[in-house]
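With compact mmCIF, C-alpha atoms inside, this is input-v4.txt:
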```txt
# COMPACT_ATOMS: atom_id res chain seq x y z
CA MET D 1 11.92 6.91 48.73
CA LYS D 2 14.68 9.19 47.53
CA ASP D 3 15.55 6.77 44.70
CA GLU D 4 11.97 6.95 43.40
CA VAL D 5 12.16 10.68 42.68
CA PRO D 6 12.79 11.17 38.92
CA ASN D 7 15.78 13.18 37.79
CA LEU D 8 14.04 16.22 36.32
CA LYS D 9 17.17 17.43 34.60
CA ASP D 10 17.47 14.17 32.65
CA PHE D 11 13.74 14.29 31.83
CA ASP D 12 14.05 17.88 30.61
CA GLN D 13 17.00 16.98 28.39
CA ARG D 14 15.12 14.01 26.90
CA LEU D 15 12.22 16.27 25.96
CA ARG D 16 14.61 18.74 24.37
CA ASP D 17 16.28 15.98 22.38
CA GLU D 18 12.90 14.73 21.12
CA ALA D 19 11.85 18.26 20.17
CA ASN D 20 15.02 18.73 18.13
CA GLU D 21 14.70 15.38 16.37
CA ASP D 22 13.81 15.48 12.65
CA LEU D 23 10.57 13.51 12.38
CA ALA D 24 11.42 12.70 8.76
CA ASP D 25 14.27 10.54 10.04
CA VAL D 26 12.10 8.51 12.39
CA ILE D 27 11.48 5.31 10.46
CA PRO D 28 9.12 2.85 12.14
CA THR D 29 10.29 -0.74 11.92
CA GLU D 30 6.80 -2.18 11.73
CA ALA D 31 3.19 -1.12 11.48
CA THR D 32 1.73 -0.33 14.89
CA LYS D 33 -1.97 -0.67 14.02
CA LYS D 34 -3.78 -3.94 13.66
CA THR D 35 -5.04 -3.01 10.22
CA GLN D 36 -2.33 -2.34 7.68
CA ILE D 37 -3.53 0.28 5.22
CA ILE D 38 -1.32 0.12 2.15
CA ALA D 39 -1.48 2.50 -0.81
CA ILE D 40 -0.30 1.06 -4.12
CA TYR D 41 0.85 3.55 -6.76
CA GLY D 42 1.95 3.12 -10.35
CA LYS D 43 1.63 4.42 -13.87
CA GLY D 44 -1.71 3.85 -15.57
CA GLY D 45 -1.71 0.52 -17.39
CA ILE D 46 1.40 -0.80 -15.63
CA GLY D 47 -0.49 -3.68 -14.01
CA LYS D 48 -1.63 -2.45 -10.59
CA SER D 49 -5.06 -4.00 -11.00
CA PHE D 50 -3.57 -7.35 -12.06
CA THR D 51 -1.13 -7.28 -9.16
CA LEU D 52 -3.67 -6.21 -6.54
CA ALA D 53 -6.49 -8.52 -7.60
CA ASN D 54 -4.18 -11.51 -7.33
CA LEU D 55 -2.40 -10.28 -4.20
CA SER D 56 -5.67 -9.64 -2.35
CA HIS D 57 -7.05 -13.03 -3.43
CA MET D 58 -3.92 -14.79 -2.16
CA MET D 59 -4.04 -12.91 1.15
CA ALA D 60 -7.66 -13.95 1.65
CA GLU D 61 -6.77 -17.53 0.76
CA GLN D 62 -4.13 -17.38 3.49
CA GLY D 63 -6.83 -16.50 6.01
CA LYS D 64 -6.48 -12.72 6.07
CA ARG D 65 -9.41 -10.30 6.02
CA VAL D 66 -8.78 -8.02 3.03
CA LEU D 67 -10.53 -4.92 1.71
CA LEU D 68 -9.54 -3.79 -1.78
CA ILE D 69 -10.48 -0.21 -2.72
CA GLY D 70 -10.05 1.05 -6.26
CA CYS D 71 -9.12 4.75 -6.25
CA ASP D 72 -8.54 5.16 -9.99
CA PRO D 73 -11.15 7.09 -12.05
CA LYS D 74 -11.00 4.30 -14.66
CA SER D 75 -12.60 1.99 -12.07
CA ASP D 76 -10.67 -1.02 -13.32
CA THR D 77 -9.23 -2.25 -10.01
CA THR D 78 -11.90 -4.78 -9.20
CA SER D 79 -12.76 -5.87 -12.75
CA LEU D 80 -10.23 -8.72 -12.75
CA LEU D 81 -11.34 -9.86 -9.31
CA PHE D 82 -14.97 -9.96 -10.46
CA GLY D 83 -14.31 -11.70 -13.77
CA GLY D 84 -14.61 -8.53 -15.84
CA LYS D 85 -17.81 -7.38 -14.15
CA ALA D 86 -17.87 -3.66 -13.38
CA CYS D 87 -19.29 -2.94 -9.93
CA PRO D 88 -21.19 0.27 -9.11
CA THR D 89 -18.82 2.97 -7.88
CA ILE D 90 -19.25 4.86 -4.64
CA ILE D 91 -19.43 8.24 -6.36
CA GLU D 92 -22.02 7.28 -8.99
CA THR D 93 -24.09 5.37 -6.43
CA SER D 94 -23.98 8.30 -4.01
CA THR D 95 -25.13 10.69 -6.73
CA ARG D 96 -28.01 8.43 -7.76
CA LYS D 97 -29.10 7.78 -4.18
CA LYS D 98 -28.94 11.45 -3.27
CA LEU D 99 -31.23 12.37 -6.17
CA ALA D 100 -33.67 9.72 -4.95
CA GLY D 101 -33.45 10.97 -1.35
CA GLU D 102 -31.87 7.72 -0.12
CA GLU D 103 -28.80 6.82 1.91
CA VAL D 104 -25.96 4.69 0.52
CA GLN D 105 -25.72 1.26 2.17
CA ILE D 106 -22.71 -1.08 2.31
CA GLY D 107 -24.39 -3.59 0.01
CA ASP D 108 -24.82 -0.90 -2.65
CA VAL D 109 -21.09 -0.42 -3.16
CA CYS D 110 -19.14 -3.30 -1.53
CA PHE D 111 -18.98 -6.78 -3.05
CA LYS D 112 -16.99 -9.93 -2.29
CA ARG D 113 -15.32 -12.85 -3.96
CA GLY D 114 -12.91 -15.48 -2.69
CA GLY D 115 -12.90 -13.87 0.74
CA VAL D 116 -11.92 -10.45 -0.62
CA PHE D 117 -14.18 -7.45 0.00
CA ALA D 118 -13.87 -4.88 -2.78
CA MET D 119 -15.26 -1.54 -3.91
CA GLU D 120 -14.52 1.27 -6.36
CA LEU D 121 -14.47 4.96 -5.51
CA GLY D 122 -14.90 5.92 -9.17
CA GLY D 123 -14.63 9.44 -10.55
CA PRO D 124 -16.57 12.24 -12.23
CA GLU D 125 -17.82 12.11 -15.81
CA VAL D 126 -15.32 13.23 -18.43
CA GLY D 127 -14.96 17.00 -18.45
CA ARG D 128 -17.35 17.44 -15.53
CA GLY D 129 -15.15 17.40 -12.47
CA CYS D 130 -11.79 16.83 -10.83
CA GLY D 131 -10.65 13.25 -10.32
CA GLY D 132 -8.64 14.19 -7.24
CA ARG D 133 -11.64 15.89 -5.67
CA GLY D 134 -13.63 12.78 -6.46
CA ILE D 135 -11.14 10.74 -4.44
CA ILE D 136 -11.51 13.06 -1.46
CA HIS D 137 -15.31 12.94 -1.73
CA GLY D 138 -15.17 9.14 -1.95
CA PHE D 139 -13.20 8.84 1.28
CA GLU D 140 -15.61 11.20 3.01
CA LEU D 141 -18.40 8.81 2.06
CA LEU D 142 -16.37 5.83 3.31
CA GLU D 143 -16.04 7.52 6.69
CA LYS D 144 -19.81 7.99 6.82
CA LEU D 145 -20.22 4.28 6.07
CA GLY D 146 -18.07 3.46 9.11
CA PHE D 147 -14.63 2.93 7.54
CA HIS D 148 -12.78 3.45 10.84
CA ASP D 149 -14.85 0.76 12.58
CA TRP D 150 -14.31 -1.96 9.98
CA ASP D 151 -12.25 -5.01 10.97
CA PHE D 152 -9.65 -5.97 8.35
CA ASP D 153 -6.08 -7.20 8.42
CA TYR D 154 -5.27 -5.33 5.21
CA VAL D 155 -6.84 -2.44 3.33
CA LEU D 156 -5.27 -2.09 -0.11
CA LEU D 157 -5.75 1.21 -1.94
CA ASP D 158 -5.13 1.26 -5.70
CA PHE D 159 -3.99 4.75 -6.77
CA LEU D 160 -3.11 6.18 -10.15
CA GLY D 161 0.46 7.46 -9.92
CA ASP D 162 0.51 9.67 -13.02
CA VAL D 163 -1.53 12.37 -11.29
CA VAL D 164 0.22 14.14 -8.42
CA CYS D 165 -2.58 16.42 -7.19
CA GLY D 166 -3.73 16.48 -3.57
CA GLY D 167 -6.60 14.05 -4.08
CA PHE D 168 -4.43 11.24 -5.36
CA GLY D 169 -1.77 12.05 -2.77
CA LEU D 170 -4.31 11.83 0.06
CA PRO D 171 -2.96 8.67 1.81
CA ILE D 172 0.56 10.15 1.88
CA ALA D 173 -0.40 13.71 2.78
CA ARG D 174 -2.80 12.77 5.59
CA ASP D 175 -1.00 9.69 6.94
CA MET D 176 -4.02 7.57 5.98
CA ALA D 177 -1.75 4.66 5.06
CA GLN D 178 1.21 3.22 6.91
CA LYS D 179 3.13 2.46 3.77
CA VAL D 180 3.28 2.75 0.01
CA ILE D 181 4.05 0.04 -2.53
CA LEU D 182 5.14 0.96 -6.05
CA VAL D 183 4.37 -1.03 -9.20
CA ALA D 184 6.60 -0.41 -12.21
CA SER D 185 8.35 -2.09 -15.09
CA ASN D 186 11.67 -1.75 -16.88
CA ASP D 187 10.67 1.39 -18.76
CA LEU D 188 11.42 5.05 -18.21
CA GLN D 189 7.83 6.29 -17.92
CA SER D 190 6.72 3.88 -15.19
CA LEU D 191 9.92 4.51 -13.23
CA TYR D 192 9.41 8.26 -13.65
CA VAL D 193 6.01 7.86 -11.98
CA ALA D 194 7.49 5.68 -9.22
CA ASN D 195 10.17 8.30 -8.62
CA ASN D 196 7.52 11.04 -8.40
CA VAL D 197 5.72 9.08 -5.70
CA CYS D 198 9.01 8.69 -3.82
CA SER D 199 9.42 12.47 -4.05
CA ALA D 200 5.94 12.96 -2.59
CA VAL D 201 6.73 10.60 0.29
CA GLU D 202 9.98 12.43 0.96
CA TYR D 203 8.24 15.81 0.88
CA PHE D 204 5.64 14.86 3.47
CA ARG D 205 8.21 13.09 5.63
CA LYS D 206 10.01 16.43 5.89
CA LEU D 207 6.73 17.98 7.04
CA GLY D 208 6.44 15.41 9.82
CA GLY D 209 4.55 12.65 8.01
CA ASN D 210 5.13 8.98 8.75
CA VAL D 211 4.23 7.21 5.50
CA GLY D 212 7.15 5.34 3.94
CA VAL D 213 7.78 3.18 0.88
CA ALA D 214 7.72 -0.55 1.61
CA GLY D 215 9.12 -1.56 -1.76
CA LEU D 216 8.73 -2.07 -5.49
CA VAL D 217 6.83 -4.74 -7.41
CA ILE D 218 8.27 -5.20 -10.90
CA ASN D 219 5.58 -6.25 -13.36
CA LYS D 220 6.30 -7.71 -16.81
CA ASP D 221 9.93 -8.14 -15.84
CA ASP D 222 12.01 -8.71 -18.99
CA LEU D 223 15.24 -9.05 -16.92
CA SER D 224 16.77 -5.91 -18.47
CA GLY D 225 17.44 -4.66 -14.94
CA GLU D 226 16.40 -0.99 -14.98
CA ALA D 227 13.71 -1.40 -12.31
CA GLN D 228 16.12 -3.25 -10.00
CA ALA D 229 18.66 -0.47 -10.55
CA PHE D 230 16.02 2.12 -9.69
CA ALA D 231 15.09 0.32 -6.47
CA LYS D 232 18.73 0.19 -5.44
CA ALA D 233 19.26 3.87 -6.30
CA VAL D 234 16.29 5.10 -4.25
CA ASP D 235 17.08 2.61 -1.47
CA ILE D 236 13.90 0.51 -1.43
CA PRO D 237 13.58 -3.30 -1.69
CA VAL D 238 12.14 -5.27 -4.59
CA LEU D 239 9.19 -7.17 -3.13
CA ALA D 240 8.53 -9.31 -6.22
CA ALA D 241 9.38 -9.57 -9.89
CA ILE D 242 6.43 -10.80 -11.95
CA PRO D 243 7.84 -12.12 -15.23
CA GLN D 244 6.85 -11.06 -18.70
CA ASP D 245 5.07 -14.27 -19.57
CA ASP D 246 2.48 -15.07 -22.24
CA ASP D 247 0.48 -17.30 -19.89
CA LEU D 248 0.10 -14.42 -17.41
CA ARG D 249 -0.85 -12.04 -20.20
CA LYS D 250 -3.59 -14.35 -21.49
CA LYS D 251 -5.00 -15.08 -18.05
CA SER D 252 -5.07 -11.39 -17.17
CA ALA D 253 -6.79 -10.55 -20.47
CA ASN D 254 -9.41 -13.21 -19.73
CA TYR D 255 -9.97 -11.98 -16.14
CA GLN D 256 -8.60 -15.15 -14.58
CA ILE D 257 -7.19 -15.13 -11.03
CA VAL D 258 -3.70 -16.60 -10.71
CA GLY D 259 -3.13 -15.55 -7.08
CA THR D 260 -4.28 -18.88 -5.71
CA ALA D 261 -2.62 -22.10 -4.56
CA LYS D 262 -4.40 -23.86 -7.44
CA SER D 263 -2.36 -21.86 -9.97
CA PRO D 264 1.26 -22.50 -10.98
CA TRP D 265 1.80 -18.81 -10.19
CA GLY D 266 0.43 -19.19 -6.68
CA GLY D 267 3.85 -19.47 -5.06
CA LEU D 268 4.94 -16.13 -6.50
CA PHE D 269 1.93 -14.32 -5.07
CA ALA D 270 2.20 -16.16 -1.75
CA GLU D 271 5.76 -14.83 -1.40
CA LEU D 272 4.57 -11.35 -2.40
CA ALA D 273 1.81 -11.48 0.24
CA GLU D 274 4.37 -12.39 2.88
CA ALA D 275 6.75 -9.62 1.78
CA VAL D 276 3.97 -7.00 1.72
CA GLY D 277 2.94 -7.89 5.26
CA VAL D 278 6.38 -7.62 6.86
CA ALA D 279 8.12 -4.95 4.77
CA PRO D 280 8.73 -1.82 6.89
CA PRO D 281 7.96 1.64 5.52
CA VAL D 282 11.28 3.31 4.73
CA ARG D 283 12.27 6.78 3.61
CA PRO D 284 13.31 6.73 -0.08
CA THR D 285 15.97 8.85 -1.77
CA PRO D 286 14.27 10.05 -5.00
CA LEU D 287 16.39 10.74 -8.07
CA ASP D 288 16.65 13.91 -10.12
CA GLN D 289 15.91 13.77 -13.85
CA ASP D 290 19.53 13.11 -14.83
CA GLY D 291 19.81 10.38 -12.23
CA LEU D 292 16.69 8.69 -13.58
CA LEU D 293 17.91 8.89 -17.17
CA GLY D 294 21.24 7.49 -16.02
CA LEU D 295 19.56 4.15 -15.30
CA PHE D 296 19.11 3.64 -19.03
CA ASP D 297 21.44 3.48 -22.00
CA ALA D 298 21.84 7.00 -23.41
CA LYS D 299 21.08 5.80 -26.93
CA ASP D 300 17.63 4.68 -25.75
CA THR D 301 16.71 7.89 -23.90
CA GLY D 302 18.68 10.66 -25.59
CA GLY D 303 20.38 11.21 -22.26
CA ASP D 304 23.63 12.24 -23.98
CA TYR D 305 21.95 15.09 -25.88
CA GLN D 306 23.23 18.58 -25.11
CA LEU D 307 20.63 21.36 -24.90
CA VAL D 308 21.03 24.04 -27.60
CA PRO D 309 19.51 27.42 -26.61
CA ALA D 310 17.10 29.04 -29.06
CA THR D 311 17.52 32.66 -30.14
CA ASP D 312 15.07 35.46 -30.75
CA ALA D 313 15.78 35.17 -34.49
CA ASP D 314 14.91 31.47 -34.35
CA MET D 315 11.55 32.27 -32.83
CA ARG D 316 10.67 34.98 -35.38
CA GLY D 317 11.55 32.81 -38.38
CA LYS D 318 11.01 34.64 -41.67
CA HIS D 319 9.96 37.74 -39.75
CA ALA D 320 13.33 38.04 -38.09
CA LYS D 321 15.16 41.33 -38.49
CA PRO D 322 17.85 43.17 -36.56
CA LYS D 323 16.52 44.91 -33.46
CA THR D 324 17.59 48.44 -32.70
CA SER D 325 19.91 48.43 -29.73
CA LEU D 326 19.11 50.69 -26.79
CA GLU D 327 22.73 50.59 -25.67
CA VAL D 328 24.34 54.03 -25.33
CA VAL D 329 27.60 54.21 -27.30
CA TYR D 330 30.01 57.01 -26.44
CA ASP D 331 32.46 58.45 -29.01
CA ASP D 332 36.13 58.28 -28.17
CA ALA D 333 37.25 61.50 -26.54
```
Could you show the structure in this file as structure tokens?
Amino acid sequence: MKDEVPNLKDFDQRLRDEANEDLADVIPTEATKKTQIIAIYGKGGIGKSFTLANLSHMMAEQGKRVLLIGCDPKSDTTSLLFGGKACPTIIETSTRKKLAGEEVQIGDVCFKRGGVFAMELGGPEVGRGCGGRGIIHGFELLEKLGFHDWDFDYVLLDFLGDVVCGGFGLPIARDMAQKVILVASNDLQSLYVANNVCSAVEYFRKLGGNVGVAGLVINKDDLSGEAQAFAKAVDIPVLAAIPQDDDLRKKSANYQIVGTAKSPWGGLFAELAEAVGVAPPVRPTPLDQDGLLGLFDAKDTGGDYQLVPATDADMRGKHAKPKTSLEVVYDDA
């Protein structure tokens, strides 16, 4: 019986060690929930919708239950999946139903194709509201519809990365997702956005958050190498490199799905689906501005330019004139 008594001193020390541990350094090796909720971020127009429509279609074709949620005010996430057809957004449907005294139903906002369930949060009318607040309101409505009781293998959230307000940072700030995937190309602006998202992840990890970056998808890869260099610098893997190809461009423009075994591009998206599923969320090491510019040739970015301070005379232009000094000057004794 004596051997069964726990050593309280050892137990006390273990608790102290856990209390002193920096939660930001605790990196889970795999998702612990059945449903993987993955937030995808990238610069507007970089190809998130193209990537996600085809990724979700391939996942469903592989037998996974997938929910795709567009969280971009442009509401373009699901357009490729639905052949260019714009589906009613949650926010606009909620507004219309509320005015009519009705409740929003699943069939009003969620639609399916090829085994993928998809919906758009939407956003406010131009000049009439905050897009980030619209995102928050949209998720509140999803919770009322029973979001936490839904049975999916993957929930993919398509977020605009250009905007860094609290609404668009919701999955990271509130640990709503287990991991983040970045979409970028070999250009400074899209990598700037990707780096900003890494900074947001790092910030909330320091506050005790658990969301990490699973990796980078390079879209329209022209083999110039900047995106690969960025991934290496911030210490995240490249999950896939989608080539800059005219066939892909035409099919995307015509709302054609290529994330299927029937397409010659099916293998690429099958590998991406596998990588997305198993990639662990890791803590990135975001770059400062000089580090980001250093990924590119200085002649392309102006990175070798030296800042020249302006003067008061410069600012006044033709109105410039000597200013009377308030300095006290003492005569020599």
Per residue of stretch 204-253 of chain D within 12 Å of stretch 41-60 of chain D, which atom pair is closest and at what distance in Å (one decimal), using only C-alpha atoms, listed by chain and increasing number, as JSON lines?
```
{"residue": "D:Val213", "atom": "CA", "partner": "D:Tyr41", "partner_atom": "CA", "distance": 10.3}
{"residue": "D:Ala214", "atom": "CA", "partner": "D:Tyr41", "partner_atom": "CA", "distance": 11.6}
{"residue": "D:Gly215", "atom": "CA", "partner": "D:Tyr41", "partner_atom": "CA", "distance": 10.9}
{"residue": "D:Leu216", "atom": "CA", "partner": "D:Tyr41", "partner_atom": "CA", "distance": 9.8}
{"residue": "D:Val217", "atom": "CA", "partner": "D:Thr51", "partner_atom": "CA", "distance": 8.5}
{"residue": "D:Ile218", "atom": "CA", "partner": "D:Gly47", "partner_atom": "CA", "distance": 9.4}
{"residue": "D:Asn219", "atom": "CA", "partner": "D:Gly47", "partner_atom": "CA", "distance": 6.6}
{"residue": "D:Lys220", "atom": "CA", "partner": "D:Gly47", "partner_atom": "CA", "distance": 8.4}
{"residue": "D:Asp221", "atom": "CA", "partner": "D:Ile46", "partner_atom": "CA", "distance": 11.3}
{"residue": "D:Leu239", "atom": "CA", "partner": "D:Thr51", "partner_atom": "CA", "distance": 12.0}
{"residue": "D:Ala240", "atom": "CA", "partner": "D:Thr51", "partner_atom": "CA", "distance": 10.3}
{"residue": "D:Ala241", "atom": "CA", "partner": "D:Thr51", "partner_atom": "CA", "distance": 10.8}
{"residue": "D:Ile242", "atom": "CA", "partner": "D:Thr51", "partner_atom": "CA", "distance": 8.8}
{"residue": "D:Pro243", "atom": "CA", "partner": "D:Thr51", "partner_atom": "CA", "distance": 11.9}
{"residue": "D:Gln244", "atom": "CA", "partner": "D:Gly47", "partner_atom": "CA", "distance": 11.4}
{"residue": "D:Leu248", "atom": "CA", "partner": "D:Phe50", "partner_atom": "CA", "distance": 9.6}
{"residue": "D:Arg249", "atom": "CA", "partner": "D:Phe50", "partner_atom": "CA", "distance": 9.8}
{"residue": "D:Lys250", "atom": "CA", "partner": "D:Phe50", "partner_atom": "CA", "distance": 11.7}
{"residue": "D:Lys251", "atom": "CA", "partner": "D:Phe50", "partner_atom": "CA", "distance": 9.9}
{"residue": "D:Ser252", "atom": "CA", "partner": "D:Phe50", "partner_atom": "CA", "distance": 6.7}
{"residue": "D:Ala253", "atom": "CA", "partner": "D:Phe50", "partner_atom": "CA", "distance": 9.6}
```
Item to check | Expected answer as a PyMOL selection string: all residues with atoms within 12 Å of (8.6, 7.8, -14.7), all atoms listed in the file | outcome: chain D and resi 41-44+46+161-163+182-199+226-227+230+286-289+291-293+295
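One finds atom CA of D:Ala270 at 24.6 Å from atom CA of D:Glu120.
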Checklist entry - List as number ranges by chain: which residues have an atom within 12 Å of (9.2, 15.7, 3.1), counting only C-alpha atoms? => result D: 22-25, 172-173, 197-212, 283-286
Checklist entry - Just how far from atom CA of D:Thr78 is atom CA of D:Val276, in Å to one decimal? => result 19.4 Å
Return as a Markdown table the residues of stretch 232-293 of chain D lying at most 12 Å from stretch 33-37 of chain D, together with the closest atom-to-atom pair for each and the distance in Å to one decimal, counting only C-alpha atoms, with rows in chain order and ascending residue number.
```
| residue | atom | partner | partner_atom | distance |
| --- | --- | --- | --- | --- |
| D:Val276 | CA | D:Gln36 | CA | 9.8 |
| D:Gly277 | CA | D:Gln36 | CA | 8.0 |
| D:Val278 | CA | D:Gln36 | CA | 10.2 |
| D:Ala279 | CA | D:Gln36 | CA | 11.2 |
| D:Pro280 | CA | D:Gln36 | CA | 11.1 |
| D:Pro281 | CA | D:Gln36 | CA | 11.2 |
```
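The environment of D:Leu157 within 6 Å, counting all atoms listed in the file and disregarding residues fewer than 4 places along the same chain, consists of Ala39, Ile40 and Ile69 of chain D.
Computed from the coordinates, the atom CA of D:Ser94 to atom CA of D:Lys74 distance equals 17.3 Å.
The closest residue to D:Ala229, picked from D:Val308, D:Gly294, D:Ser263, D:Phe152 and counting all atoms listed in the file, is D:Gly294.
Taking all atoms listed in the file into account, D:Leu272 lies nearest to D:Gly259 out of the set D:Gly259, D:Glu92, D:Gly84, D:Arg316.
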Checklist entry - Can you list, as an NGL selection string, every protein, DNA or RNA residue that comes within 9 Å of stretch 134-147 of chain D when you count all atoms listed in the file, leaving out same-chain residues fewer than 4 positions away? => result :D and (71-73 or 90-91 or 94 or 104-106 or 121-124 or 129-130 or 151 or 166-168 or 170)
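For the residues D:Gln62, D:Tyr255, D:Gln228, D:Val328, ranking by smallest atom-to-atom distance to D:Ala86 using all atoms listed in the file places D:Tyr255 first.
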